[in-house]
$ cat entry-v2.txt   # compact mmCIF, C-alpha atoms
# COMPACT_ATOMS: atom_id res chain seq x y z
CA MET A 1227 -50.42 -70.67 18.82
CA VAL A 1228 -51.68 -73.66 20.74
CA GLU A 1229 -51.31 -73.72 24.52
CA VAL A 1230 -51.80 -76.75 26.72
CA ILE A 1231 -52.76 -76.66 30.39
CA GLU A 1232 -53.18 -79.79 32.43
CA ILE A 1233 -54.85 -79.94 35.84
CA ARG A 1234 -54.77 -83.15 37.87
CA ILE A 1235 -56.89 -83.72 40.95
CA PRO A 1236 -57.72 -86.74 43.09
CA SER A 1237 -61.34 -87.91 42.73
CA GLN A 1238 -62.37 -85.99 45.83
CA PRO A 1239 -65.45 -83.73 45.42
CA LYS A 1240 -63.92 -80.94 47.51
CA PHE A 1241 -61.25 -80.43 44.83
CA LEU A 1242 -63.79 -79.80 42.04
CA LYS A 1243 -63.58 -76.15 42.97
CA ILE A 1244 -59.98 -76.14 41.67
CA ILE A 1245 -61.19 -77.40 38.29
CA ARG A 1246 -63.91 -74.72 38.20
CA ALA A 1247 -61.51 -71.91 39.09
CA GLY A 1248 -59.07 -73.10 36.42
CA MET A 1249 -61.74 -73.48 33.74
CA ASN A 1250 -63.23 -70.07 34.46
CA HIS A 1251 -59.84 -68.44 34.11
CA ILE A 1252 -58.98 -70.32 30.92
CA CYS A 1253 -62.35 -69.39 29.36
CA GLU A 1254 -61.91 -65.74 30.29
CA THR A 1255 -58.44 -65.55 28.77
CA MET A 1256 -59.79 -67.11 25.56
CA GLY A 1257 -62.44 -64.41 25.19
CA PHE A 1258 -65.55 -66.46 25.92
CA SER A 1259 -68.45 -64.40 27.29
CA GLN A 1260 -69.26 -64.64 30.99
CA GLU A 1261 -72.28 -66.83 30.20
CA GLU A 1262 -70.23 -69.15 27.97
CA SER A 1263 -67.46 -69.33 30.59
CA ASN A 1264 -69.97 -70.28 33.28
CA ASN A 1265 -71.54 -72.91 31.04
CA ILE A 1266 -68.21 -74.48 29.96
CA THR A 1267 -67.10 -74.55 33.60
CA LEU A 1268 -70.39 -76.27 34.51
CA ALA A 1269 -69.93 -78.86 31.73
CA VAL A 1270 -66.36 -79.74 32.80
CA ASP A 1271 -67.41 -79.85 36.47
CA GLU A 1272 -70.29 -82.21 35.58
CA ALA A 1273 -67.92 -84.43 33.62
CA CYS A 1274 -65.55 -84.63 36.62
CA SER A 1275 -68.49 -85.36 38.95
CA ASN A 1276 -69.54 -88.21 36.65
CA ILE A 1277 -66.01 -89.64 36.78
CA ILE A 1278 -66.09 -89.54 40.60
CA LYS A 1279 -69.58 -91.08 40.81
CA HIS A 1280 -69.51 -93.62 37.99
CA ALA A 1281 -65.93 -94.43 36.93
CA TYR A 1282 -64.58 -94.45 40.48
CA GLY A 1283 -67.83 -95.32 42.33
CA GLY A 1284 -67.25 -92.55 44.88
CA SER A 1285 -63.66 -93.52 45.69
CA THR A 1286 -61.82 -90.30 46.57
CA ASN A 1287 -58.16 -91.07 45.90
CA GLN A 1288 -58.16 -91.89 42.19
CA PRO A 1289 -56.63 -89.67 39.49
CA ILE A 1290 -58.58 -87.31 37.25
CA HIS A 1291 -56.61 -85.64 34.45
CA VAL A 1292 -58.11 -82.58 32.78
CA LYS A 1293 -56.12 -81.43 29.76
CA CYS A 1294 -57.08 -78.15 28.10
CA VAL A 1295 -55.88 -77.37 24.61
CA LEU A 1296 -56.33 -73.68 23.85
CA SER A 1297 -56.38 -72.83 20.14
CA GLU A 1298 -57.34 -69.69 18.26
CA ASP A 1299 -60.79 -71.01 17.34
CA ARG A 1300 -61.59 -73.55 20.02
CA LEU A 1301 -61.14 -74.87 23.52
CA GLU A 1302 -60.69 -78.60 23.73
CA VAL A 1303 -60.94 -80.30 27.13
CA ILE A 1304 -59.86 -83.92 27.44
CA LEU A 1305 -60.83 -85.71 30.63
CA ARG A 1306 -59.14 -88.97 31.43
CA ASP A 1307 -59.93 -91.43 34.18
CA PHE A 1308 -58.62 -94.87 34.99
CA GLY A 1309 -61.76 -96.36 36.51
CA ARG A 1310 -64.68 -98.52 35.44
CA LYS A 1311 -65.55 -98.26 31.78
CA ALA A 1312 -68.72 -96.35 31.00
CA ASP A 1313 -71.33 -98.24 29.04
CA GLU A 1314 -73.32 -96.51 26.32
CA SER A 1315 -76.64 -96.59 28.18
CA GLU A 1316 -75.13 -94.60 31.06
CA ILE A 1317 -73.80 -91.92 28.74
CA LYS A 1318 -77.17 -91.10 27.20
CA SER A 1319 -78.91 -88.06 28.63
CA ARG A 1320 -82.25 -88.88 30.16
CA GLU A 1321 -85.64 -87.74 28.94
CA LEU A 1322 -86.11 -84.30 30.42
CA ASP A 1323 -89.87 -84.65 30.57
CA ASP A 1324 -89.20 -87.16 33.29
CA VAL A 1325 -88.76 -84.76 36.20
CA ARG A 1326 -86.80 -86.63 38.81
CA PRO A 1327 -83.58 -86.20 40.75
CA GLY A 1328 -80.38 -87.26 39.00
CA GLY A 1329 -79.31 -87.96 35.43
CA LEU A 1330 -79.00 -84.32 34.45
CA GLY A 1331 -75.23 -84.04 34.15
CA VAL A 1332 -74.89 -85.58 30.68
CA HIS A 1333 -77.73 -83.43 29.37
CA LEU A 1334 -76.01 -80.28 30.67
CA ILE A 1335 -72.68 -81.29 29.10
CA LYS A 1336 -74.31 -81.95 25.71
CA SER A 1337 -76.33 -78.71 25.85
CA VAL A 1338 -73.26 -76.59 26.44
CA MET A 1339 -70.44 -78.13 24.38
CA ASP A 1340 -70.19 -78.27 20.57
CA ILE A 1341 -68.53 -81.69 20.51
CA VAL A 1342 -68.90 -84.42 23.16
CA ARG A 1343 -67.02 -87.60 22.32
CA TYR A 1344 -66.51 -90.64 24.56
CA ASP A 1345 -63.64 -93.00 23.99
CA ASN A 1346 -63.61 -96.16 26.06
CA SER A 1347 -61.15 -98.00 23.84
CA TYR A 1348 -58.39 -97.61 26.43
CA GLU A 1349 -57.27 -100.72 28.24
CA GLN A 1350 -58.08 -98.94 31.49
CA GLY A 1351 -60.60 -96.18 32.07
CA ASN A 1352 -62.30 -93.67 29.82
CA GLN A 1353 -61.56 -90.51 27.90
CA LEU A 1354 -64.05 -87.75 27.23
CA GLN A 1355 -63.32 -85.06 24.69
CA LEU A 1356 -65.25 -81.79 24.93
CA VAL A 1357 -64.92 -78.99 22.40
CA LYS A 1358 -66.29 -75.46 22.42
CA TYR A 1359 -65.70 -73.16 19.47
CA VAL A 1360 -64.88 -69.50 20.03
CA ARG A 1361 -67.45 -67.35 18.27
CA ARG A 1362 -65.80 -64.05 17.54
CA LYS A 1363 -67.98 -60.99 17.09
CA SER A 1364 -67.49 -59.70 13.54
CA MET B 330 -70.96 -73.50 51.84
CA GLU B 331 -73.17 -72.31 54.68
CA LEU B 332 -76.85 -72.82 55.40
CA GLU B 333 -79.16 -70.69 57.52
CA VAL B 334 -82.72 -71.65 58.43
CA ASP B 335 -85.29 -69.14 59.60
CA LYS B 336 -88.45 -70.90 60.82
CA LYS B 337 -91.66 -68.86 60.85
CA GLU B 338 -95.20 -69.84 61.78
CA ASN B 339 -96.31 -71.28 58.45
CA TYR B 340 -93.13 -71.29 56.38
CA SER B 341 -89.35 -71.57 56.61
CA ILE B 342 -86.66 -69.73 54.71
CA LEU B 343 -83.46 -71.56 53.84
CA LYS B 344 -80.57 -69.30 52.90
CA ILE B 345 -77.74 -70.99 51.03
CA LYS B 346 -74.34 -69.31 50.83
CA GLY B 347 -71.53 -70.43 48.53
CA ASP B 348 -71.17 -73.23 45.97
CA VAL B 349 -73.67 -76.09 45.75
CA ASP B 350 -71.81 -78.95 44.06
CA LEU B 351 -71.13 -82.66 44.41
CA TYR B 352 -69.22 -81.90 47.62
CA SER B 353 -71.80 -79.69 49.35
CA SER B 354 -75.16 -80.85 48.00
CA PRO B 355 -75.45 -83.78 50.48
CA GLN B 356 -75.31 -81.13 53.23
CA VAL B 357 -78.11 -79.16 51.53
CA ARG B 358 -80.15 -82.34 51.17
CA LYS B 359 -79.71 -83.17 54.86
CA GLN B 360 -81.03 -79.74 55.81
CA ILE B 361 -83.79 -79.38 53.22
CA ILE B 362 -85.53 -82.78 53.41
CA PRO B 363 -86.72 -82.45 57.06
CA LEU B 364 -88.00 -78.94 56.23
CA VAL B 365 -90.35 -80.24 53.52
CA SER B 366 -91.31 -83.59 55.04
CA LYS B 367 -94.19 -82.35 57.21
CA LYS B 368 -97.74 -81.93 55.92
CA ASN B 369 -98.37 -78.53 54.30
CA ALA B 370 -94.76 -77.44 54.86
CA ASN B 371 -93.84 -74.33 52.88
CA LEU B 372 -90.19 -73.66 52.13
CA LEU B 373 -88.64 -70.61 50.51
CA VAL B 374 -85.03 -70.87 49.35
CA ASN B 375 -82.96 -67.71 49.18
CA PHE B 376 -80.31 -67.93 46.44
CA ALA B 377 -78.88 -64.41 46.87
CA GLU B 378 -75.50 -65.74 48.01
CA VAL B 379 -75.34 -68.92 45.95
CA THR B 380 -72.22 -68.57 43.83
CA TYR B 381 -72.49 -71.81 41.84
CA MET B 382 -74.86 -74.75 41.42
CA ASP B 383 -74.41 -78.01 39.51
CA SER B 384 -76.81 -80.84 38.63
CA SER B 385 -76.46 -82.42 42.09
CA GLY B 386 -77.87 -79.20 43.57
CA VAL B 387 -80.69 -79.18 41.01
CA ALA B 388 -81.42 -82.85 41.78
CA THR B 389 -81.65 -82.08 45.50
CA LEU B 390 -84.19 -79.35 44.77
CA VAL B 391 -86.20 -81.64 42.48
CA GLU B 392 -86.41 -84.17 45.32
CA ALA B 393 -87.49 -81.42 47.73
CA LEU B 394 -90.11 -80.16 45.25
CA GLN B 395 -91.58 -83.63 44.86
CA LEU B 396 -91.79 -84.06 48.63
CA THR B 397 -93.33 -80.63 49.13
CA THR B 398 -95.96 -81.23 46.47
CA ARG B 399 -96.80 -84.64 47.91
CA ASN B 400 -97.23 -83.08 51.35
CA GLY B 401 -99.47 -80.28 50.12
CA GLY B 402 -96.94 -77.51 50.68
CA LYS B 403 -95.02 -75.11 48.45
CA LEU B 404 -91.36 -74.83 47.52
CA ARG B 405 -90.38 -71.43 46.15
CA LEU B 406 -87.00 -70.12 45.04
CA PHE B 407 -86.00 -66.45 45.04
CA ASN B 408 -83.09 -64.04 44.49
CA LEU B 409 -81.47 -66.23 41.82
CA GLY B 410 -78.46 -64.71 40.05
CA GLN B 411 -78.20 -65.04 36.27
CA SER B 412 -75.73 -67.96 36.33
CA ILE B 413 -78.07 -69.94 38.61
CA LYS B 414 -81.08 -69.12 36.41
CA ASP B 415 -79.05 -70.38 33.45
CA VAL B 416 -78.54 -73.78 35.15
CA PHE B 417 -82.33 -74.14 35.62
CA GLU B 418 -82.92 -73.11 32.01
CA LEU B 419 -80.29 -75.53 30.67
CA SER B 420 -81.93 -78.25 32.79
CA ARG B 421 -85.30 -77.16 31.35
CA LEU B 422 -86.61 -77.02 34.88
CA ASP B 423 -87.18 -73.26 35.03
CA ARG B 424 -90.89 -73.84 34.45
CA VAL B 425 -91.14 -76.70 36.90
CA PHE B 426 -90.01 -74.61 39.87
CA GLU B 427 -91.75 -71.53 41.23
CA ILE B 428 -89.04 -68.88 40.84
CA TYR B 429 -89.51 -65.34 42.21
CA GLU B 430 -87.48 -62.17 42.03
CA ASN B 431 -87.46 -61.46 45.77
CA GLU B 432 -88.70 -62.60 49.17
CA GLN B 433 -91.77 -60.36 49.14
CA GLN B 434 -93.03 -61.86 45.88
CA ALA B 435 -92.18 -65.39 47.01
CA LEU B 436 -94.30 -64.91 50.12
CA GLU B 437 -97.45 -63.92 48.24
CA GLY B 438 -100.22 -66.40 48.98
CA ILE B 439 -98.24 -68.05 51.76
CA LEU B 440 -98.58 -65.43 54.51

$ encode --input "entry-v2.txt" --output "structure tokens"
Amino acid sequence: MVEVIEIRIPSQPKFLKIIRAGMNHICETMGFSQEESNNITLAVDEACSNIIKHAYGGSTNQPIHVKCVLSEDRLEVILRDFGRKADESEIKSRELDDVRPGGLGVHLIKSVMDIVRYDNSYEQGNQLQLVKYVRRKS
Amino acid sequence: MELEVDKKENYSILKIKGDVDLYSSPQVRKQIIPLVSKKNANLLVNFAEVTYMDSSGVATLVEALQLTTRNGGKLRLFNLGQSIKDVFELSRLDRVFEIYENEQQALEGIL
């Protein structure tokens, strides 16, 4: 059975905690380990932070839609914004040997999730699809 | 999130309580930068009550580490829970920072 949960928040950093609480709970109910749940929550939080910083340039009253599709074998998280389109160079994770503040979010997202797919073909805004497979213990 | 600073003769301890994220990390930055801006300033950060940290928190600490190093001081982190250690490992910065199990170990060579 596929279940769909959608959380919508304004692009205000103080509401990121709502996304984290929701993601943690969803991950737990799907049987992800505590470590995986923490990491998935981190990845989704980073993606929302990037929307606030880059797509909306810090504006705090714009919509962020986080749609979670819970299937037997995977969690799919689709993040939609209606802000400035991301360009490819901004989406790349930076060289980690270069120790400096900033630019870590994309690296964390890619390290944690099995699929990370950007879609900026929308007339307005961006969509980011994140997928994590459930690895059942046999 | 709450911050507590304990200033000693040749070091300070910053205790962070709660979530360090895009919302709260500017507050951490505001507190931490003056603590590491003086020559030979040593700062120990107690993570015992940090419940969550994202890349903006890590970035703030990277900035503080660079300042500390430039000023001839030390920045040491201690009492990190597993989820916080995981963020440093995922960032591949666990070997860049001096991370200690507890306050006593973090103070070695500073006292």

$ residues_around --input "entry-v2.txt" --residues "Gln1238 of chain A" --least-positions-apart "3" --cutoff "8 Å" --atoms "only C-alpha atoms" --output "list in words"
Ile1235, Phe1241, Leu1242, Ile1278, Ser1285, Thr1286 and Asn1287 of chain A

$ interface_residues --input "entry-v2.txt" --of "chain B" --to "chain A" --cutoff "8 Å" --atoms "only C-alpha atoms" --output "list in words"
Leu351, Tyr352, Asp383, Ser384, Ser385, Val387, Ala388, Thr389, Leu390, Val391, Glu392, Ser412, Leu419, Ser420 and Arg421 of chain B

$ residues_around --input "entry-v2.txt" --residues "segment 1290-1307 of chain A" --least-positions-apart "2" --cutoff "6 Å" --atoms "all atoms listed in the file" --output "number ranges by chain"
A: 1228-1236, 1309, 1351-1360

$ atom_distance --input "entry-v2.txt" --atom1 "atom CA of Gly347 of chain B" --atom2 "atom CA of Val379 of chain B"
4.8 Å

$ closest_residue --input "entry-v2.txt" --among "A:Arg1310, A:Ser1237, A:Asp1345, A:Arg1362" --to "Gly1284 of chain A" --atoms "all atoms listed in the file"
A:Ser1237

$ atom_distance --input "entry-v2.txt" --atom1 "atom CA of Asn408 of chain B" --atom2 "atom CA of Ile1244 of chain A"
26.2 Å

$ residues_around --input "entry-v2.txt" --residues "Thr380 of chain B" --least-positions-apart "4" --cutoff "8 Å" --atoms "only C-alpha atoms" --output "list in words"
Lys346, Gly347, Asp348, Val349 and Ile413 of chain B

$ write_last_selection --input "entry-v2.txt" --atoms "C-alpha atoms" --output "PDB file, in the coordinates of the input"
ATOM      1  CA  LYS B 346     -74.340 -69.310  50.830  1.00  0.00           C
ATOM      2  CA  GLY B 347     -71.530 -70.430  48.530  1.00  0.00           C
ATOM      3  CA  ASP B 348     -71.170 -73.230  45.970  1.00  0.00           C
ATOM      4  CA  VAL B 349     -73.670 -76.090  45.750  1.00  0.00           C
ATOM      5  CA  ILE B 413     -78.070 -69.940  38.610  1.00  0.00           C
TER       6      ILE B 413
END

$ atom_distance --input "entry-v2.txt" --atom1 "atom CA of Leu404 of chain B" --atom2 "atom CA of Ile361 of chain B"
10.5 Å

$ residues_around --input "entry-v2.txt" --residues "Phe1258 of chain A" --least-positions-apart "5" --cutoff "8 Å" --atoms "all atoms listed in the file" --output "PyMOL selection string"
chain A and resi 1253+1263+1360-1361

$ decode --input "entry-v2.txt" --residues "segment 1297-1317 of chain A" --atoms "N, CA, C and O atoms" --output "PDB file, in the first residue's frame"
ATOM      1  N   SER A1297       6.232   3.838   0.377  1.00  0.00           N
ATOM      2  CA  SER A1297       5.947   2.552  -0.257  1.00  0.00           C
ATOM      3  C   SER A1297       6.614   1.457   0.563  1.00  0.00           C
ATOM      4  O   SER A1297       7.390   1.732   1.474  1.00  0.00           O
ATOM      5  N   GLU A1298       6.315   0.230   0.184  1.00  0.00           N
ATOM      6  CA  GLU A1298       6.885  -0.929   0.893  1.00  0.00           C
ATOM      7  C   GLU A1298       8.416  -0.892   0.887  1.00  0.00           C
ATOM      8  O   GLU A1298       9.055  -1.150   1.888  1.00  0.00           O
ATOM      9  N   ASP A1299       8.993  -0.537  -0.270  1.00  0.00           N
ATOM     10  CA  ASP A1299      10.446  -0.657  -0.426  1.00  0.00           C
ATOM     11  C   ASP A1299      11.191   0.677  -0.434  1.00  0.00           C
ATOM     12  O   ASP A1299      12.405   0.700  -0.543  1.00  0.00           O
ATOM     13  N   ARG A1300      10.466   1.771  -0.360  1.00  0.00           N
ATOM     14  CA  ARG A1300      11.173   3.056  -0.463  1.00  0.00           C
ATOM     15  C   ARG A1300      10.385   4.220   0.128  1.00  0.00           C
ATOM     16  O   ARG A1300       9.153   4.176   0.209  1.00  0.00           O
ATOM     17  N   LEU A1301      11.152   5.250   0.500  1.00  0.00           N
ATOM     18  CA  LEU A1301      10.549   6.530   0.865  1.00  0.00           C
ATOM     19  C   LEU A1301      10.958   7.530  -0.206  1.00  0.00           C
ATOM     20  O   LEU A1301      12.151   7.681  -0.498  1.00  0.00           O
ATOM     21  N   GLU A1302       9.966   8.156  -0.788  1.00  0.00           N
ATOM     22  CA  GLU A1302      10.250   9.177  -1.796  1.00  0.00           C
ATOM     23  C   GLU A1302       9.797  10.524  -1.226  1.00  0.00           C
ATOM     24  O   GLU A1302       8.678  10.635  -0.705  1.00  0.00           O
ATOM     25  N   VAL A1303      10.686  11.503  -1.275  1.00  0.00           N
ATOM     26  CA  VAL A1303      10.346  12.840  -0.770  1.00  0.00           C
ATOM     27  C   VAL A1303      10.475  13.815  -1.933  1.00  0.00           C
ATOM     28  O   VAL A1303      11.531  13.891  -2.574  1.00  0.00           O
ATOM     29  N   ILE A1304       9.390  14.513  -2.224  1.00  0.00           N
ATOM     30  CA  ILE A1304       9.405  15.471  -3.337  1.00  0.00           C
ATOM     31  C   ILE A1304       9.247  16.873  -2.760  1.00  0.00           C
ATOM     32  O   ILE A1304       8.247  17.179  -2.102  1.00  0.00           O
ATOM     33  N   LEU A1305      10.259  17.687  -2.986  1.00  0.00           N
ATOM     34  CA  LEU A1305      10.239  19.062  -2.461  1.00  0.00           C
ATOM     35  C   LEU A1305       9.986  20.024  -3.607  1.00  0.00           C
ATOM     36  O   LEU A1305      10.668  19.968  -4.635  1.00  0.00           O
ATOM     37  N   ARG A1306       9.016  20.872  -3.394  1.00  0.00           N
ATOM     38  CA  ARG A1306       8.642  21.804  -4.468  1.00  0.00           C
ATOM     39  C   ARG A1306       8.721  23.234  -3.938  1.00  0.00           C
ATOM     40  O   ARG A1306       8.258  23.534  -2.833  1.00  0.00           O
ATOM     41  N   ASP A1307       9.371  24.079  -4.724  1.00  0.00           N
ATOM     42  CA  ASP A1307       9.352  25.507  -4.395  1.00  0.00           C
ATOM     43  C   ASP A1307       8.910  26.288  -5.624  1.00  0.00           C
ATOM     44  O   ASP A1307       8.813  25.731  -6.723  1.00  0.00           O
ATOM     45  N   PHE A1308       8.660  27.563  -5.423  1.00  0.00           N
ATOM     46  CA  PHE A1308       8.146  28.390  -6.513  1.00  0.00           C
ATOM     47  C   PHE A1308       9.021  29.638  -6.668  1.00  0.00           C
ATOM     48  O   PHE A1308       8.557  30.708  -7.053  1.00  0.00           O
ATOM     49  N   GLY A1309      10.301  29.461  -6.336  1.00  0.00           N
ATOM     50  CA  GLY A1309      11.237  30.582  -6.354  1.00  0.00           C
ATOM     51  C   GLY A1309      12.147  30.584  -7.565  1.00  0.00           C
ATOM     52  O   GLY A1309      11.810  30.051  -8.629  1.00  0.00           O
ATOM     53  N   ARG A1310      13.337  31.157  -7.362  1.00  0.00           N
ATOM     54  CA  ARG A1310      14.316  31.292  -8.437  1.00  0.00           C
ATOM     55  C   ARG A1310      14.818  29.911  -8.852  1.00  0.00           C
ATOM     56  O   ARG A1310      15.091  29.060  -8.003  1.00  0.00           O
ATOM     57  N   LYS A1311      14.951  29.708 -10.126  1.00  0.00           N
ATOM     58  CA  LYS A1311      15.418  28.416 -10.617  1.00  0.00           C
ATOM     59  C   LYS A1311      16.880  28.193 -10.264  1.00  0.00           C
ATOM     60  O   LYS A1311      17.695  29.092 -10.392  1.00  0.00           O
ATOM     61  N   ALA A1312      17.168  26.960  -9.813  1.00  0.00           N
ATOM     62  CA  ALA A1312      18.545  26.629  -9.472  1.00  0.00           C
ATOM     63  C   ALA A1312      19.320  26.410 -10.758  1.00  0.00           C
ATOM     64  O   ALA A1312      18.784  25.862 -11.719  1.00  0.00           O
ATOM     65  N   ASP A1313      20.576  26.875 -10.803  1.00  0.00           N
ATOM     66  CA  ASP A1313      21.368  26.499 -11.977  1.00  0.00           C
ATOM     67  C   ASP A1313      22.327  25.383 -11.581  1.00  0.00           C
ATOM     68  O   ASP A1313      22.663  25.207 -10.420  1.00  0.00           O
ATOM     69  N   GLU A1314      22.711  24.596 -12.584  1.00  0.00           N
ATOM     70  CA  GLU A1314      23.457  23.362 -12.350  1.00  0.00           C
ATOM     71  C   GLU A1314      24.696  23.545 -11.465  1.00  0.00           C
ATOM     72  O   GLU A1314      24.987  22.721 -10.616  1.00  0.00           O
ATOM     73  N   SER A1315      25.395  24.668 -11.658  1.00  0.00           N
ATOM     74  CA  SER A1315      26.644  24.858 -10.913  1.00  0.00           C
ATOM     75  C   SER A1315      26.386  24.984  -9.408  1.00  0.00           C
ATOM     76  O   SER A1315      27.218  24.633  -8.586  1.00  0.00           O
ATOM     77  N   GLU A1316      25.180  25.480  -9.054  1.00  0.00           N
ATOM     78  CA  GLU A1316      24.858  25.636  -7.632  1.00  0.00           C
ATOM     79  C   GLU A1316      24.487  24.311  -6.993  1.00  0.00           C
ATOM     80  O   GLU A1316      24.560  24.139  -5.788  1.00  0.00           O
ATOM     81  N   ILE A1317      24.055  23.362  -7.816  1.00  0.00           N
ATOM     82  CA  ILE A1317      23.568  22.090  -7.297  1.00  0.00           C
ATOM     83  C   ILE A1317      24.720  21.130  -7.002  1.00  0.00           C
ATOM     84  O   ILE A1317      24.614  20.248  -6.181  1.00  0.00           O
TER      85      ILE A1317
END
